[in-house]
$ cat start09.txt   # compact mmCIF, C-alpha atoms
# COMPACT_ATOMS: atom_id res chain seq x y z
CA MET A 1082 0.00 0.00 0.00
CA PHE A 1083 1.25 3.50 -0.86
CA LEU A 1084 0.77 6.48 1.44
CA LEU A 1085 -0.20 9.43 -0.73
CA GLU A 1086 0.94 13.02 -0.38
CA GLN A 1087 -1.98 15.43 -0.31
CA ALA A 1088 -1.15 16.64 -3.82
CA ALA A 1089 -1.76 13.08 -5.06
CA TYR A 1090 -5.12 12.53 -3.33
CA LEU A 1091 -6.83 12.85 -6.70
CA ALA A 1092 -5.73 9.27 -7.41
CA ALA A 1093 -8.14 8.05 -4.70
CA HIS A 1094 -11.10 10.31 -5.52
CA ALA A 1095 -12.89 7.92 -7.89
CA LEU A 1096 -12.68 4.99 -5.46
CA LEU A 1097 -13.90 7.06 -2.51
CA LYS A 1098 -16.58 9.06 -4.35
CA ASP A 1099 -19.57 6.84 -3.51
CA PHE A 1100 -18.43 6.34 0.09
CA SER A 1101 -17.94 10.08 0.59
CA SER A 1102 -21.58 10.68 -0.35
CA THR A 1103 -22.43 9.21 3.07
CA HIS A 1104 -19.40 10.50 4.98
CA VAL A 1105 -18.52 14.19 4.70
CA ALA A 1106 -15.30 13.47 6.60
CA ILE A 1107 -13.91 11.61 3.58
CA ALA A 1108 -14.51 14.60 1.31
CA ALA A 1109 -13.08 16.97 3.93
CA VAL A 1110 -9.86 14.94 4.24
CA LEU A 1111 -9.50 14.91 0.45
CA ASP A 1112 -10.08 18.68 0.48
CA GLY A 1113 -7.34 19.12 3.07
CA THR A 1114 -9.47 20.90 5.65
CA ILE A 1115 -9.33 18.14 8.27
CA ASP A 1116 -6.46 15.83 9.11
CA GLY A 1117 -6.17 12.41 7.55
CA GLU A 1118 -4.07 9.95 5.61
CA VAL A 1119 -4.83 8.12 2.38
CA TRP A 1120 -3.32 4.87 1.09
CA VAL A 1121 -3.85 3.12 -2.26
CA ASP A 1122 -2.69 -0.24 -3.53
CA ARG A 1123 -0.89 1.37 -6.47
CA PRO A 1124 -0.23 5.01 -7.45
CA VAL A 1125 -1.79 4.74 -10.91
CA GLU A 1126 -5.33 3.41 -11.40
CA PRO A 1127 -5.61 2.05 -7.83
CA ARG A 1128 -8.16 -0.63 -7.02
CA VAL A 1129 -8.45 -0.02 -3.28
CA ALA A 1130 -8.24 3.08 -1.09
CA LEU A 1131 -7.96 3.34 2.69
CA LEU A 1132 -8.54 6.69 4.39
CA ALA A 1133 -7.91 7.44 8.06
CA ASN A 1134 -9.23 10.39 10.06
CA GLY A 1135 -8.45 10.10 13.77
CA ASP A 1136 -9.76 6.73 14.95
CA ALA A 1137 -12.12 6.44 11.96
CA TYR A 1138 -10.92 4.34 9.02
CA TYR A 1139 -12.74 4.04 5.69
CA LEU A 1140 -12.09 1.30 3.12
CA ALA A 1141 -13.32 1.36 -0.47
CA GLY A 1142 -12.49 -0.54 -3.64
CA LEU A 1143 -12.58 -3.99 -5.14
CA PRO A 1144 -11.55 -6.78 -2.75
CA ASP A 1145 -11.51 -9.56 -5.34
CA GLU A 1146 -8.88 -7.69 -7.35
CA VAL A 1147 -6.50 -6.91 -4.49
CA VAL A 1148 -6.09 -10.15 -2.58
CA ASP A 1149 -2.34 -9.58 -2.73
CA SER A 1150 -2.84 -6.40 -0.66
CA PHE A 1151 -4.76 -8.02 2.21
CA ALA A 1152 -1.67 -8.51 4.37
CA ASN A 1153 -0.67 -4.88 3.90
CA LEU A 1154 -4.15 -3.73 4.88
CA LYS A 1155 -4.00 -5.84 8.04
CA GLU A 1156 -0.76 -4.09 8.99
CA LEU A 1157 -2.23 -0.63 8.38
CA ILE A 1158 -5.61 -0.92 10.11
CA PRO A 1159 -5.18 -0.87 13.92
CA ASP A 1160 -7.31 -3.11 16.11
CA TRP A 1161 -8.74 -0.01 17.85
CA ALA A 1162 -10.07 1.52 14.61
CA TYR A 1163 -13.66 2.63 14.25
CA PHE A 1164 -13.96 0.97 10.87
CA PHE A 1165 -16.28 1.79 7.97
CA VAL A 1166 -16.21 -0.41 4.88
CA GLU A 1167 -18.15 -0.57 1.66
CA ASP A 1168 -20.61 -3.46 1.71
CA ARG A 1169 -18.49 -5.61 -0.59
CA TRP A 1170 -15.81 -5.76 2.11
CA SER A 1171 -18.05 -6.83 5.00
CA ASP A 1172 -17.40 -10.56 4.55
CA ARG A 1173 -13.64 -10.05 4.13
CA LEU A 1174 -12.93 -8.33 7.44
CA GLY A 1175 -11.19 -11.39 8.85
CA ASP A 1176 -8.71 -11.25 5.97
CA ILE A 1177 -7.79 -7.57 6.32
CA TRP A 1178 -8.23 -6.68 10.00
CA SER A 1179 -6.58 -8.07 13.13
CA ASN A 1180 -9.61 -7.30 15.32
CA ARG A 1181 -11.75 -10.39 14.89
CA PHE A 1182 -13.88 -9.45 17.92
CA ALA A 1183 -15.23 -6.19 16.49
CA ARG A 1184 -18.97 -5.95 16.04
CA PRO A 1185 -21.20 -3.89 13.75
CA HIS A 1186 -22.42 -0.63 15.22
CA PRO A 1187 -25.68 0.58 13.63
CA ARG A 1188 -25.57 4.28 12.82
CA VAL A 1189 -28.12 6.82 11.60
CA ARG A 1190 -27.51 9.66 9.14
CA MET A 1191 -29.99 12.53 9.33
CA GLY A 1192 -30.42 15.73 7.36
CA LEU A 1193 -32.77 18.53 6.37
CA PRO A 1194 -35.70 17.42 4.20
CA GLY A 1195 -35.24 20.32 1.75
CA ALA A 1196 -34.33 23.94 1.28
CA SER A 1197 -35.03 26.19 4.23
CA LEU A 1198 -34.38 29.80 5.18
CA GLY A 1199 -33.45 28.82 8.71
CA LEU A 1200 -34.80 27.35 11.90
CA ALA A 1201 -36.76 29.06 14.61
CA ALA A 1202 -34.59 30.22 17.49
CA THR A 1203 -35.00 28.35 20.76
CA VAL A 1204 -35.61 30.41 23.89
CA LEU A 1205 -33.03 29.62 26.56
CA PRO A 1206 -33.72 29.52 30.30
CA ASP A 1207 -32.74 32.59 32.32
CA GLY A 1208 -28.99 32.93 32.82
CA PHE A 1209 -27.98 30.96 29.71
CA ARG A 1210 -26.45 32.74 26.72
CA LEU A 1211 -25.94 31.54 23.14
CA VAL A 1212 -22.70 32.74 21.50
CA PRO A 1213 -20.90 31.84 18.25
CA ILE A 1214 -17.76 29.74 18.31
CA ASP A 1215 -15.13 32.14 17.01
CA GLN A 1216 -11.95 33.94 18.01
CA ARG A 1217 -13.86 36.24 20.36
CA LEU A 1218 -15.05 33.22 22.34
CA LEU A 1219 -11.49 31.86 22.54
CA ASP A 1220 -10.22 35.24 23.71
CA LEU A 1221 -12.91 35.29 26.40
CA GLU A 1222 -11.53 32.00 27.79
CA PRO A 1223 -14.70 30.82 29.54
CA GLY A 1224 -14.63 27.81 31.81
CA ASN A 1225 -14.76 24.40 30.13
CA ILE A 1226 -13.39 25.99 26.93
CA GLU A 1227 -11.65 22.68 26.17
CA THR A 1228 -14.96 21.35 24.87
CA VAL A 1229 -14.50 23.89 22.07
CA THR A 1230 -10.74 23.78 21.60
CA ASP A 1231 -10.87 19.98 21.44
CA LEU A 1232 -12.96 20.40 18.28
CA MET A 1233 -9.95 21.97 16.57
CA GLU A 1234 -7.74 18.93 16.99
CA GLY A 1235 -9.09 17.09 13.95
CA TRP A 1236 -8.65 20.08 11.64
CA ALA A 1237 -5.55 20.71 9.56
CA SER A 1238 -4.91 23.90 11.57
CA PRO A 1239 -6.67 26.17 14.09
CA GLU A 1240 -6.84 28.81 11.37
CA LEU A 1241 -8.73 26.47 9.03
CA PHE A 1242 -11.10 25.62 11.87
CA LEU A 1243 -11.88 29.28 12.58
CA GLU A 1244 -12.26 30.01 8.88
CA ASN A 1245 -14.44 27.02 7.93
CA ALA A 1246 -16.09 25.62 11.05
CA ILE A 1247 -19.51 26.91 12.06
CA GLY A 1248 -20.90 26.55 15.54
CA PHE A 1249 -22.49 27.97 18.66
CA CYS A 1250 -22.15 27.25 22.35
CA VAL A 1251 -24.22 27.99 25.41
CA LEU A 1252 -22.58 29.81 28.32
CA TYR A 1253 -23.78 29.65 31.89
CA ASP A 1254 -22.07 31.15 34.91
CA GLY A 1255 -18.97 31.80 32.82
CA SER A 1256 -18.61 28.27 31.43
CA VAL A 1257 -19.45 26.38 28.24
CA VAL A 1258 -22.26 23.95 29.09
CA SER A 1259 -23.43 22.98 25.59
CA HIS A 1260 -22.16 23.31 22.04
CA CYS A 1261 -22.85 22.41 18.43
CA ALA A 1262 -20.36 22.75 15.59
CA THR A 1263 -19.45 21.37 12.19
CA ASP A 1264 -17.07 18.43 12.52
CA SER A 1265 -16.20 18.59 8.83
CA VAL A 1266 -17.15 20.63 5.78
CA SER A 1267 -16.77 20.15 2.03
CA GLY A 1268 -18.35 22.40 -0.56
CA THR A 1269 -21.99 22.90 0.37
CA ARG A 1270 -21.95 19.93 2.77
CA CYS A 1271 -21.26 19.88 6.48
CA GLU A 1272 -21.60 17.38 9.28
CA VAL A 1273 -22.59 18.76 12.68
CA GLY A 1274 -22.14 17.36 16.14
CA VAL A 1275 -23.66 18.40 19.46
CA GLY A 1276 -22.78 17.91 23.10
CA THR A 1277 -24.13 19.05 26.47
CA GLU A 1278 -22.62 18.63 29.90
CA PRO A 1279 -24.57 15.96 31.85
CA ALA A 1280 -25.74 18.35 34.59
CA TYR A 1281 -27.35 20.65 32.00
CA ARG A 1282 -29.23 18.18 29.82
CA ARG A 1283 -33.00 18.25 29.20
CA LEU A 1284 -33.04 22.06 29.24
CA GLY A 1285 -33.17 22.52 25.47
CA LEU A 1286 -29.57 23.79 25.31
CA GLY A 1287 -28.38 21.31 22.68
CA LYS A 1288 -31.42 22.07 20.57
CA ALA A 1289 -30.75 25.82 20.78
CA ALA A 1290 -27.09 25.46 19.80
CA ALA A 1291 -27.95 23.05 16.97
CA ALA A 1292 -30.71 25.25 15.53
CA ALA A 1293 -28.42 28.29 15.54
CA THR A 1294 -25.57 26.32 13.97
CA ILE A 1295 -27.69 24.89 11.17
CA THR A 1296 -29.23 28.27 10.41
CA GLU A 1297 -25.76 29.80 10.17
CA CYS A 1298 -24.57 26.95 7.94
CA MET A 1299 -27.34 27.75 5.48
CA LYS A 1300 -26.58 31.47 5.61
CA ARG A 1301 -22.93 30.75 4.81
CA GLY A 1302 -23.62 28.55 1.80
CA ARG A 1303 -23.49 25.11 3.42
CA PRO A 1304 -27.14 24.00 3.28
CA ASP A 1305 -26.47 20.26 2.91
CA ILE A 1306 -26.57 19.42 6.60
CA GLU A 1307 -25.70 15.94 7.90
CA TRP A 1308 -26.06 14.59 11.43
CA HIS A 1309 -24.51 11.20 12.27
CA THR A 1310 -25.15 9.30 15.48
CA HIS A 1311 -25.34 5.84 17.01
CA ALA A 1312 -28.74 4.27 16.37
CA SER A 1313 -28.90 3.79 20.17
CA ASN A 1314 -28.46 7.51 20.91
CA LYS A 1315 -32.08 8.42 21.52
CA GLY A 1316 -31.19 11.88 22.84
CA SER A 1317 -29.21 12.88 19.76
CA ILE A 1318 -31.92 11.60 17.42
CA ALA A 1319 -34.58 13.45 19.41
CA ILE A 1320 -32.66 16.75 19.16
CA ALA A 1321 -32.20 16.26 15.42
CA ARG A 1322 -35.90 15.59 14.90
CA SER A 1323 -36.92 18.51 17.10
CA ILE A 1324 -35.17 20.93 14.74
CA GLY A 1325 -36.64 19.38 11.60
CA LEU A 1326 -34.04 16.83 10.52
CA ILE A 1327 -35.17 13.50 9.09
CA GLU A 1328 -33.47 10.14 8.72
CA ARG A 1329 -31.57 9.80 5.44
CA ASP A 1330 -30.21 6.30 5.80
CA ARG A 1331 -28.58 3.79 8.12
CA HIS A 1332 -25.18 2.19 7.87
CA VAL A 1333 -22.73 0.36 10.13
CA ALA A 1334 -19.28 0.82 11.55
CA TYR A 1335 -17.24 -1.99 13.12
CA SER A 1336 -15.56 -1.54 16.48
CA GLY A 1337 -14.70 -3.00 19.84
CA ASN A 1338 -16.29 -0.04 21.62
CA LEU A 1339 -19.74 -0.11 23.16
CA PRO A 1340 -22.30 0.96 20.52
CA ALA A 1341 -23.54 3.87 22.64
CA GLU A 1342 -22.56 7.27 24.00
CA ASN A 1343 -24.84 7.83 26.99
CA VAL A 1344 -26.08 6.06 30.08
CA GLY A 1345 -29.46 4.53 29.24
CA ASP A 1346 -28.79 4.07 25.51
CA LEU A 1347 -28.49 0.30 26.00
CA ASP A 1348 -30.77 -1.89 28.12
CA LEU A 1349 -29.37 -3.98 30.98
CA ASP A 1350 -29.46 -7.30 29.10
CA THR A 1351 -27.52 -5.76 26.21
CA CYS A 1352 -24.94 -4.33 28.61
CA ARG A 1353 -24.46 -7.74 30.25
CA GLU A 1354 -24.09 -9.47 26.90
CA TRP A 1355 -21.51 -6.89 25.83
CA GLY A 1356 -19.69 -7.34 29.12
CA LEU A 1357 -19.35 -11.07 28.51
CA HIS A 1358 -18.22 -10.54 24.91
CA LEU A 1359 -15.65 -7.91 25.88
CA GLU A 1360 -14.25 -10.08 28.66
CA ARG A 1361 -13.75 -12.96 26.22
CA ALA A 1362 -12.14 -10.66 23.67
CA SER A 1363 -9.78 -9.16 26.28
CA ASP A 1364 -7.88 -12.45 26.46
CA HIS A 1365 -6.70 -11.61 22.94
CA ILE A 1366 -6.86 -7.78 22.83
CA SER A 1367 -6.10 -6.50 26.30
CA TRP A 1368 -7.61 -3.00 25.95
CA TYR A 1369 -11.05 -4.58 25.65
CA ARG A 1370 -10.97 -4.61 29.47
CA PHE A 1371 -11.51 -0.83 29.31
CA HIS A 1372 -14.86 -1.27 27.57
CA ALA A 1373 -15.72 -4.35 29.63
CA THR A 1374 -15.41 -2.11 32.69
CA GLY A 1375 -17.90 0.25 31.11
CA ALA A 1376 -20.32 -2.50 30.10
CA TRP A 1377 -20.46 -4.02 33.57
CA THR A 1378 -20.83 -0.58 35.18
CA LEU A 1379 -23.83 0.11 32.96
CA ALA A 1380 -25.19 -3.34 33.82
CA GLY A 1381 -25.03 -2.44 37.51
CA ASP A 1382 -22.37 -5.02 38.40
CA ARG A 1383 -19.80 -3.03 40.41
CA THR A 1384 -17.75 -6.08 41.39
CA ARG A 1385 -17.26 -7.29 37.85
CA ALA A 1386 -16.59 -3.78 36.55
CA LEU A 1387 -13.83 -3.22 39.10
CA ALA A 1388 -12.37 -6.68 38.45
CA ASN A 1389 -11.99 -5.80 34.76
CA LEU A 1390 -10.54 -2.40 35.60
CA ARG A 1391 -8.01 -4.01 37.94
CA GLU A 1392 -6.96 -6.52 35.27
CA LEU A 1393 -6.66 -3.71 32.74
CA VAL A 1394 -4.22 -1.75 34.91
CA ASP A 1395 -2.34 -4.81 36.19
CA GLY A 1396 -1.99 -6.05 32.60
CA GLY A 1397 0.19 -3.13 31.55
CA TRP A 1398 -2.39 -0.96 29.82
CA GLU A 1399 -0.70 2.14 28.40
CA GLY A 1400 -3.69 4.47 28.58
CA GLU A 1401 -4.03 7.61 30.68
CA ALA A 1402 -5.74 7.63 34.06
CA ALA A 1403 -7.77 10.62 32.87
CA TRP A 1404 -9.33 8.43 30.18
CA LEU A 1405 -10.80 6.25 32.90
CA GLU A 1406 -12.05 9.21 34.93
CA GLY A 1407 -13.67 10.75 31.85
CA TYR A 1408 -15.18 7.58 30.38
CA TRP A 1409 -18.91 8.23 30.13
CA ALA A 1410 -19.87 4.63 30.91
CA VAL A 1411 -18.17 4.54 34.34
CA GLN A 1412 -19.31 7.87 35.78
CA SER A 1413 -21.33 6.14 38.50
CA LEU A 1414 -18.03 4.67 39.78
CA VAL A 1415 -15.74 7.69 39.75
CA ASP A 1416 -16.33 8.45 43.44
CA ASP A 1417 -15.98 4.81 44.49
CA PRO A 1418 -12.89 4.43 46.75
CA GLU A 1419 -11.75 1.23 45.04
CA PHE A 1420 -12.12 2.81 41.61
CA LYS A 1421 -10.06 5.78 42.79
CA THR A 1422 -7.34 3.49 44.13
CA ILE A 1423 -7.01 1.61 40.85
CA VAL A 1424 -6.99 4.81 38.81
CA ALA A 1425 -4.35 6.32 41.12
CA ARG A 1426 -2.18 3.27 40.50
CA GLN A 1427 -2.50 3.77 36.75
CA ARG A 1428 -1.57 7.44 37.14
CA ALA A 1429 1.50 6.52 39.17
CA ILE A 1430 2.55 3.94 36.57
CA ARG A 1431 2.25 6.48 33.76
CA GLU A 1432 4.26 9.06 35.73
CA GLU A 1433 7.19 6.73 36.43
$ encode --input "start09.txt" --output "structure tokens"
Amino acid sequence: MFLLEQAAYLAAHALLKDFSSTHVAIAAVLDGTIDGEVWVDRPVEPRVALLANGDAYYLAGLPDEVVDSFANLKELIPDWAYFFVEDRWSDRLGDIWSNRFARPHPRVRMGLPGASLGLAATVLPDGFRLVPIDQRLLDLEPGNIETVTDLMEGWASPELFLENAIGFCVLYDGSVVSHCATDSVSGTRCEVGVGTEPAYRRLGLGKAAAAATITECMKRGRPDIEWHTHASNKGSIAIARSIGLIERDRHVAYSGNLPAENVGDLDLDTCREWGLHLERASDHISWYRFHATGAWTLAGDRTRALANLRELVDGGWEGEAAWLEGYWAVQSLVDDPEFKTIVARQRAIREE
């Protein structure tokens, strides 16, 4: 497989064209506005293209014509990838990917049903203020500003983010408590994402930020709005529908992560089944213990969650202690003394 320089990305355009119609991120990487890497099986008239953007990997092309490249693909695609493949590759994953324990994650793509002049503004509760995400916000340096600055990390530069990204956040008591912004843009298309701090949910803040962001996208010539989420994320889907978005299609990604983003997205039986699966997989891919800890926490089994966490740390996991403290699935454990002890041990190991 050949890693392309950005100037040579045109060689992969034809292979990735159909796939990019579902994933704006692919088009944005090829445009050079967000970070990514692109490989092809040969520089001229390639038959397969692999694109990476953060932990997301996208594979397109003709598997039956590139059997000789399977081993190279297996070396390139990490076991921790959040992996999207064209349908023709779905029964060849075992040949090209080392993670044989990954499972399909159903996802929903939503968008506006047609042309619109904008969305009605949402009235915020007293004390909350809606502001654009721009240089003035960064200069203000409100609390929790990292929820905004973290959005820049996937872009080719902070300058490109400020020039091309569109978004709004909600401030309360001097801190960012909700935000919505474009994760990627390409031509008239943009994909938006939304997030609200747990203590401030169910107040309409995400809806307000999303409505303002989408209205601004249309004003600035990016009317082709896309909203991607886990099929299990009822809150995200509800916000999207509340501002007039409709379901465009469904597709899958493959991953070892839990197919959810919030407590309550998965029922208890599903959490237990995932816990068992992740424990079995961890005998072969040790970092699965991280997600097994989350699954058993969500299932309400503190003992089993902590046992997996202990094995994760004792097994030489190279992750940061802060990842454990910030993991959404284990928030009910973060004040548990035993959880704190294990996390402290991981922090001490990483600081040695």
$ closest_residue --input "start09.txt" --among "A:Val1105, A:Ile1295, A:Leu1414, A:Leu1205" --to "A:Glu1272" --atoms "all atoms listed in the file"
A:Val1105
$ atom_distance --input "start09.txt" --atom1 "atom CA of A:Gly1337" --atom2 "atom CA of A:Ala1403"
20.1 Å
$ residues_around --input "start09.txt" --residues "A:Asn1389" --least-positions-apart "6" --cutoff "9 Å" --atoms "only C-alpha atoms" --output "list in words"
Glu1360, Arg1370, Phe1371, His1372, Ala1373, Thr1374 and Trp1377 of chain A
$ closest_residue --input "start09.txt" --among "A:Pro1340, A:Gly1276, A:Gly1345, A:Gly1302" --to "A:Lys1315" --atoms "all atoms listed in the file"
A:Gly1345
$ residues_around --input "start09.txt" --residues "A:Arg1322" --least-positions-apart "4" --cutoff "10 Å" --atoms "only C-alpha atoms" --output "VMD selection string"
chain A and resid 1191 to 1193 1288 1316 to 1318 1326 to 1328
$ closest_residue --input "start09.txt" --among "A:Asn1134, A:Thr1269, A:Thr1114, A:Asn1343" --to "A:Ile1158" --atoms "only C-alpha atoms"
A:Asn1134
$ residues_near_point --input "start09.txt" --point "(-13.0, 32.3, 17.8)" --cutoff "12 Å" --atoms "all atoms listed in the file" --output "ChimeraX atom specification"
/A:1212-1223,1226,1229-1230,1232-1233,1239-1250
$ residues_near_point --input "start09.txt" --point "(-8.8, 6.8, 17.0)" --cutoff "10 Å" --atoms "all atoms listed in the file" --output "list in words"
Ala1133, Asn1134, Gly1135, Asp1136, Ala1137, Tyr1138, Pro1159, Trp1161, Ala1162, Tyr1163 and Phe1164 of chain A
$ closest_residue --input "start09.txt" --among "A:Ala1341, A:Leu1284, A:Val1166, A:Leu1347" --to "A:Pro1144" --atoms "only C-alpha atoms"
A:Val1166
$ atom_distance --input "start09.txt" --atom1 "atom CA of A:Trp1355" --atom2 "atom CA of A:Arg1331"
21.9 Å
$ closest_residue --input "start09.txt" --among "A:Ile1107, A:Leu1096, A:Cys1298, A:Leu1174" --to "A:Gly1142" --atoms "all atoms listed in the file"
A:Leu1096
$ residues_around --input "start09.txt" --residues "A:Phe1182" --least-positions-apart "3" --cutoff "10 Å" --atoms "all atoms listed in the file" --output "ChimeraX atom specification"
/A:1160,1175,1179,1335-1337,1358-1359,1361-1363,1365-1366,1369
$ residues_around --input "start09.txt" --residues "A:Thr1277" --least-positions-apart "3" --cutoff "8 Å" --atoms "all atoms listed in the file" --output "count of residues only"
7
$ closest_residue --input "start09.txt" --among "A:Val1119, A:Leu1357, A:Met1299, A:Val1394" --to "A:Gly1195" --atoms "only C-alpha atoms"
A:Met1299
$ residues_around --input "start09.txt" --residues "A:Val1257" --least-positions-apart "3" --cutoff "6 Å" --atoms "all atoms listed in the file" --output "list in words"
Asn1225, Val1251 and Leu1252 of chain A
